[in-house]
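K.L.:
Handing you a structure now.
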Amino acid sequence: MPRLKARFDRLSHLFLPLSVLVILLLINLIKGADYFKITMVNRVLYGNIPNILFGASELVILSIGMTLVTAAARGQDISIGESGAISSAIFVQYVLNAGEVTIWTILVGLLISCVAGIVIGAFNGTLVSFFNVQPMVATLILFLGGRSIAFIIDGKVSPILANPISNQIGTVIKGVPIQTPIILTAVFIVIVSVVLKVTNLRLYVEAVGINPNTARLNGINPKRVIFLTFLLMGICSAVAGFIAVNKVGRHDSVNLLKFIMMDAILAVALGGNSLSGGKFSITGSIIGAYTIEVLNRTLLRLEVNPEAIKAFKAVFIIILMVLASPVVRVYAKKVMDKAKAFVAGKAARQTGRLKKAVVSITDSSVKKEE
Amino acid sequence: PKTIKVGIVNLPPEESGYRQANVEDMNQVFSKANGYDAKQTNTADNSEQMAAAMGYIRDGVDYLLISAANASGWDDVLLAAKRAGVTVILFDRLIDTDPSNYQAALVSDMYYEGQLATDWVLANVQAPRNVILIRGQLGSAAEVGRSAPLLKAEAEGKLNIVWDGTGGDTWSLEEARRVVEAAIAAGKDFNVIYAQNDGMAQGACQALEAAGIRFGKNGKVKIIGFDFNRFALRNVQAGYWDADVQCNPRMATQIDQWIKSGNIPKGIVYQKEIILDTKTITDDHIAKYGINPDPGRGVITR
Amino acid sequence: MGALNPNKTKTRMSNSTLLFIIAGIIFLVMYGIALLTFPLSFKQFQTFFDFFNLNAALFIVTLGMCIVMIGGGIDISVGAVCGLVTMACAVLLESGAGDIWDALFLSLGIGLAFGLMHGYLIAYLEIQPFIITLAGMFLAQGLLTTLHREPLNVTKPAFVALRSVRIEIPWLGTVNRLGVFIPCEIRPGVLVVVALVIIYAIMMKWSRFGRNLYSVGGNRQSARMLGINVKKTMFFSYVLCGLTAGISGFVFLITTGAGNIGNGSLFEMKAIAANVMGGILLNGGVGNLLGAPIGTLTLLTINELIRAAGVQSNLQAIVSGLLLYIFIMLQSIIMSLRDRKNFRLVLPSWLKLHRPVEGK
Amino acid sequence: MPSEIILKMEGICKSFPGVRALHNVDFVLRKGEIHALMGENGAGKSTLTKILNGVYEKDAGLIILEGKPVHFKSPQEAQNMGVGTVFQEIALCPNLTVAENMFIGRSRNAFVNWRQMNEKAAEMLGSLGIPASPTQELASCSIAVQQMIAIARAIDMDCKILILDEPTSSLDEDEVQKLFALMRELKARGVGIIFITHFIDQVYEISDRITVLRNGELIGEYETPELPQIELVSKMMGKALSDVSAMKKHEPPKSDDRVPVFEAKGLSSAVGVRPFDFSIHKGEVNGFAGLLGSGRSESVRAIFAADKVTGGEVKINGKRVKIKAPLNAMKLGIGYLPEDRKSEGVIDELSVRDNIILALQVMKGFFKPLSRKQAEEFANQYIKLLEIKTPSLDTPVKSLSGGNQQKVILARWLLTNPMYLILDEPTRGIDVGTKVEIQKLVLKLAQDGMSLTFISSEIDEMLRVCSRMIVMKDREIVGELSGADLTEQNVMQMIAQGGK
Ligand SMILES: Nc1ncnc2c1ncn2[C@@H]1O[C@H](COP(=O)(O)OP(=O)(O)OP(=O)(O)O)[C@@H](O)[C@H]1O
Ligand SMILES: Nc1ncnc2c1ncn2[C@@H]1O[C@H](COP(=O)(O)OP(=O)(O)OP(=O)(O)O)[C@@H](O)[C@H]1O
Ligand SMILES: [Mg+2]
Ligand SMILES: [Mg+2]
């Protein structure tokens, strides 16, 4: 029993993102009861849920990286979209120049684009860790210039990735009833959780994020840890870029993963993580990312006037964040406690004075002992 | 002959695929080889644009080409240009000012493009015409222009817009896909998708495909895109989509001709633009008008 | 210990001052180089004045951002609020429902409303500033499109008269291509910038609010223990920033004369970049308010340099990123050099007190 | 002393998640008295004062200030009503100047008069002999100086009640005396002073009355002269303590190994200690003595490479090694407990468990995480050994009392089982009982073959455990004492005369 409670306590940080997600899902359910309905279309699962999982795949992957960067570097990487655009441009160039496209071509391309992502991460990471530049400022550089770089890599056009394998990665593999990006995302999440399991990444990142000085005196090199998180962010961007470009089938350096950093940061925050670093929850961020996807779709589902859609989104975010606010939670807890006390008080009154007497006796006996 | 000094004030290529093509076109035509000494400044900020324009005027250029981020506030700049004897030619975007303040303006008429597409719908789709409108970046000239004729047609009762969605800040495929998915989930009955650029049309098709809804020449839903990307034209050619409307980013050649011939028209000149559908499209069209790479005949880009 | 005479202790320059001086020097050096390489453009005074004339709104936004940054916060809604104000005022003026004063009050009101909302949610409900101001940005953008989607020119005569006000400096000016002498001119927005810089600089240096804000930005917990009303201070910083964004919207409208969806877009990023170049750190607690205009000038000089050099279109963003990069590196290198050496220079040897400050 | 009651706290209760920090505590403070608040680590002393000055909100109880019930929601309100505080962990703003730190949050003027402020500050600093300039950034002052600035601020505040939460823990004897002089002056002016410390001698030197807390409960209030020291200690600990005095007689172990475990020649670091030689043998406990700021911490930091090492040669067991970063030192079997607990010791948001296993985990390497079970076992073992008061293993370490945090760090290093352990002020902020425990522990570890360096600002504490004392002055080693020469008298003399 205490074990169970301990486990529950450990999961309590997920209460917030989950409750937010549930609220949104409820709204959707009220709008139409068939919300969770899943059908088979061309032998592939189809419905709102698969659509959400499909649509959020890049965001989920990016928010994982963003969580790590936020935790260690106490700031955000705002160049993730650009970084994804650059590494996927390299991927596309590789594939287009590779002649016949086989699964190996794609895999090698992915590897190369991951390397590109790592290089980009190293650039940002160097600035942040070794030159002490705040993350948002360091990554502002690529945020400003990144898309131009991608465009130049593209050869100043928008190259087309029209091959059957890319198509299958972007949609479905024949015979598999689930869209490939969903599977890839799941695989990625599994890899991340394995990495967290077999390494001390979490301890290092949290230690550095909370108190780099202490971390250093305990043998952790904070600079290297921060640098590492940026490298991981680079990999995440590359993978997200890979999925995105295969979905689209065309490298559009302008629109690929545009403004996604805002959503990723939002996902981290909705996941209950502090944007000023320290302890983190990747599960929370993942739920946060799906929540944002659901939110975006909810606004569409509610048929909000396109002119006002952003305003509504803002209102939703504000409401969600207010519900999640520590102050409100403390207040709510107080109210709950009072309510509980009231109910308990009623019960106590019914059991009569007997109990009270017992309590006072034990009380005084305790006092005497001293 | 003496090199002609030109200052170009344009929007940044990162703005859109259309803009990239436009910027590249300008750079290619106004080149050293072509007898120009041209500089181009790309920014989406009106103030920075004006600063750049003033800079070019101070530099003493012969021609100042402007594609304004913002249609207003340019009077000072134009006046300064006039005082300094600089010929101003507007391209792509008009400026809200007295026409005497500039020499010529060569622009795409987004409203006209929208009209072409709307007319096509009215002519080629049987009533009831239930349209999903997928808007591009809200408030941009293209979005405003291309939406208006359709909204007007709806107001006149010629068609119904059953779903009106937007990409918000972007012209992104994903947003378009989401919009159509939402419409499908809501059980809307529709037979036209009016996507305000090719990428968004592509996103819409992906959503339809995943939902198992047939579209294109032989399907229930008609797909219309804009911009004449070659991949889009190939899709139309294959009957996978139904129509595409041109939006020509290439204005430089025309302006170059004007300058070289010394015969610059006065006032606003609209570019000629066309709509192609499965019946009218030819390889020639694709080769001649298309932008971006050509996936090749018969290749459909999903 | 008693033998130590405190008067002998020479003061080490504070981070704020040092960063400000670096910013100032880099700007001057850069402007000097610009003058030498592109005299055609930079030698004309009007170039300098135009920085202010055309970018008054950006200067103002940067000031507001500077204040929240010193308080350890961030407000990324400023650009969107600025844009919303231009549109709201344009709609107001064009619909004939109000005159210029009404428009001014409207801009202040909108700015204030956003500032109050941000301030309350961030300071009192302890929600993360980035998220709330992101929502604020969405809200402003959404309201703008709901209000009016297309660009809207203000044609009201009184307004047009106001926005064509020019202050000419007859003894400064240039002769243009046709040999006509053009005097330098200053537009009304510039006066607002100058006034705000003075007021804010005084406020940050001498007012209780300003000093409290530094302390809150430096260490919130300590500030509270020192008896500072942290929440109130943070609250006011956001209110002030919102208000400033409102003012900037009005100035933007005076500068360009139209409400437009694109007005003020990306101002938040520019403002952050400008402030960082002006030596104001995102961590909070460090920076001199005068750094904000210096940083903005640096940013604008970079733009003008890129224009004058005729950098190829697709490279413009990359080059400006690169210049930002060099700038940041310089700043960082100087700061770390000082951390290594400076003690020996400034302090007597027995007073070499050094322990890196936590959290850098 | 029937003087007027200025403050009355009645039935104060306060709970934190998982802990009952205070239960039904009464406290009375009179005008012009110095009232010591005593108790073991985690007894609730800081919590009680923090409730008084508005940092925490009480769950129940009454605070009556000058006859009026008050309820402070923030330190600001308390300050305005005349309650000044020096916090246990220094709470000043590093990015402001010294003068600002002394005056900020106090004036209600809308504007700051810099000149006047600097002048006043300079005056204060001068009269207290604090070696800092008013216009200097606080970050560039040492902890001790910061502590004194905090005191100066509180003293200057013209308050009715002054709370001093372990103000003397980082001060040396001289400064303590200066502080006491000031306290007496304030007392004469009628200020009620709440004084928290773990130095029992200081309590008897300065206080008029003592209130003892234990486990969040009030044990009693006593007139200082009427409460014998031994009784006070046993009241604090809740058991008769015969071994307090017994402790003093421990004989430091002698080592006869020829090759030192650790040896340094000409070691110097980037923060400016003069190059020094140092060595320590197996099973030896040595200490560094010296005045505040004499470079004791800097020296041991150089050994551990906590600051950048700029020169020198290091041998471990006679073999030359390179120590460039703390990790090298750790891998070579050196451990270091830093003196600044807050900024270098704990990782405050991490759990007690993670804090305990941190160093061991890092030494094992990035790819070899301990299993959860193992980690819990280790942590539990040391929580028991050091009697760390924590509600659970998952409690963030920041919600432990100061002294218990210190024990967590000690546990962390003991867990790595180092060959040579450096303890810089390990007993700072630790109650008498535990202090004795720690001293015993040090001796036991030494007997088991560990070498230790033990630095403390209390000389007698060092004399009790160290077999050799290295004396420093002005950042230089001026001499060494051991064996029969090692007496307080000699140490003092050496510090004063700088060697011979
Ligand atoms: N912010 C907090 N959150 C949770 N628990 C806390 C918090 N502050 C104090 N506690 C708990 O309250 C109890 C009393 O702590 P307090 O700091 O008052 O002790 P103390 O008597 O000052 O001890 P020390 O001498 O070690 O400073 C401890 O058990 C501590 O863990
Ligand atoms: N004369 C001085 N005046 C002010 N600060 C000094 C002086 N000398 C040294 N310091 C600073 O005081 C701090 C304490 O010095 P250090 O830790 O080396 O001495 P210590 O002997 O260990 O003293 P402590 O008792 O504080 O641990 C250091 O940061 C040092 O830079
Ligand atoms: Mg305490
Ligand atoms: Mg020390």
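By convention here, the chains of the structure tokens are called A, B, ... in the order presented, each chain's residues are numbered starting at 1, and ligands are numbered starting at 1 in the order presented.
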Distance table requested - chain D against ligand 3, cut-off 12 Å, only C-alpha atoms and all ligand atoms: one row per qualifying residue with the closest atom pair and its distance in Å to one decimal, ordered by chain and rising residue number, as a tab-separated table.
P.N.:
```
residue	atom	partner	partner_atom_place_in_ligand_line	distance
D:Ala21	CA	ligand 3	1 (Mg)	11.3
D:Leu37	CA	ligand 3	1 (Mg)	10.3
D:Met38	CA	ligand 3	1 (Mg)	10.1
D:Gly39	CA	ligand 3	1 (Mg)	9.4
D:Glu40	CA	ligand 3	1 (Mg)	9.1
D:Asn41	CA	ligand 3	1 (Mg)	6.9
D:Gly42	CA	ligand 3	1 (Mg)	6.8
D:Ala43	CA	ligand 3	1 (Mg)	8.1
D:Gly44	CA	ligand 3	1 (Mg)	7.0
D:Lys45	CA	ligand 3	1 (Mg)	5.6
D:Ser46	CA	ligand 3	1 (Mg)	4.1
D:Thr47	CA	ligand 3	1 (Mg)	7.1
D:Leu48	CA	ligand 3	1 (Mg)	9.3
D:Thr49	CA	ligand 3	1 (Mg)	9.1
D:Lys50	CA	ligand 3	1 (Mg)	9.6
D:Val86	CA	ligand 3	1 (Mg)	11.5
D:Phe87	CA	ligand 3	1 (Mg)	8.7
D:Gln88	CA	ligand 3	1 (Mg)	6.1
D:Glu89	CA	ligand 3	1 (Mg)	8.5
D:Ile90	CA	ligand 3	1 (Mg)	11.8
D:Ile163	CA	ligand 3	1 (Mg)	11.9
D:Leu164	CA	ligand 3	1 (Mg)	10.5
D:Asp165	CA	ligand 3	1 (Mg)	6.8
D:Glu166	CA	ligand 3	1 (Mg)	7.5
D:Pro167	CA	ligand 3	1 (Mg)	10.8
D:Ser169	CA	ligand 3	1 (Mg)	11.4
D:Phe195	CA	ligand 3	1 (Mg)	11.3
D:Ile196	CA	ligand 3	1 (Mg)	8.1
D:Thr197	CA	ligand 3	1 (Mg)	8.9
D:His198	CA	ligand 3	1 (Mg)	9.9
D:Leu213	CA	ligand 3	1 (Mg)	11.8
D:Gly216	CA	ligand 3	1 (Mg)	11.9
D:Lys398	CA	ligand 3	1 (Mg)	11.8
D:Ser399	CA	ligand 3	1 (Mg)	11.0
D:Leu400	CA	ligand 3	1 (Mg)	9.3
D:Ser401	CA	ligand 3	1 (Mg)	5.6
D:Gly402	CA	ligand 3	1 (Mg)	5.3
D:Gly403	CA	ligand 3	1 (Mg)	7.1
D:Asn404	CA	ligand 3	1 (Mg)	9.5
D:Gln405	CA	ligand 3	1 (Mg)	10.3
D:Gln406	CA	ligand 3	1 (Mg)	11.4
D:Arg428	CA	ligand 3	1 (Mg)	11.2
D:Gly429	CA	ligand 3	1 (Mg)	7.6
D:Ile430	CA	ligand 3	1 (Mg)	9.2
D:Asp431	CA	ligand 3	1 (Mg)	10.1
```
K.L.:
Up to 8 Å from chain B, what residues of chain A turn up? Count only C-alpha atoms and give them as a ChimeraX atom specification.
P.N.:
/A:35,41-42,46-48,51,55,147-148,156-160,162,167,248-249,252-256,258,297,300-301,303,305-307,309-310
K.L.:
Kindly provide, as a PyMOL selection string, all nucleotide and amino acid residues lying within 12 Å of ligand 4, counting only C-alpha atoms and all ligand atoms.
P.N.:
(chain C and resi 355) or (chain D and resi 142-144+169-172+287-301+337-341+422-426+428+454-458+472+475)
K.L.:
Between C:Val154, C:Leu40, C:Val276, C:Leu289, which one has atoms that come closest to chain A, using only C-alpha atoms?
P.N.:
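Under the stated criterion, the closest residue is C:Val276.
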K.L.:
Using DSSP assignments from the backbone, pull out every residue in stretch 358-428 of chain D that falls under alpha helix (DSSP H) and give it to me as JSON, numbers by chain.
P.N.:
{"D": [358, 359, 360, 361, 362, 363, 364, 372, 373, 374, 375, 376, 377, 378, 379, 380, 381, 382, 383, 384, 385, 402, 403, 404, 405, 406, 407, 408, 409, 410, 411, 412, 413, 414, 415]}
K.L.:
Could you produce a table of the residues of chain A lying within 6 Å of chain C, with the nearest pair of atoms per residue and their separation in Å rounded to one decimal, using only C-alpha atoms, ordered by chain and increasing residue number, as CSV?
P.N.:
```
residue,atom,partner,partner_atom,distance
A:Phe131,CA,C:Ser332,CA,5.7
A:Ile141,CA,C:Gly321,CA,4.6
A:Leu144,CA,C:Ala317,CA,5.8
A:Gly145,CA,C:Ile318,CA,4.2
A:Ser148,CA,C:Asn314,CA,5.6
A:Glu307,CA,C:Thr146,CA,5.0
A:Ala308,CA,C:Gly142,CA,5.0
A:Lys310,CA,C:Gly142,CA,4.5
A:Ala311,CA,C:Leu139,CA,4.1
A:Ala314,CA,C:Ala135,CA,4.4
A:Ser325,CA,C:Ile127,CA,5.7
A:Val327,CA,C:Leu125,CA,5.4
```
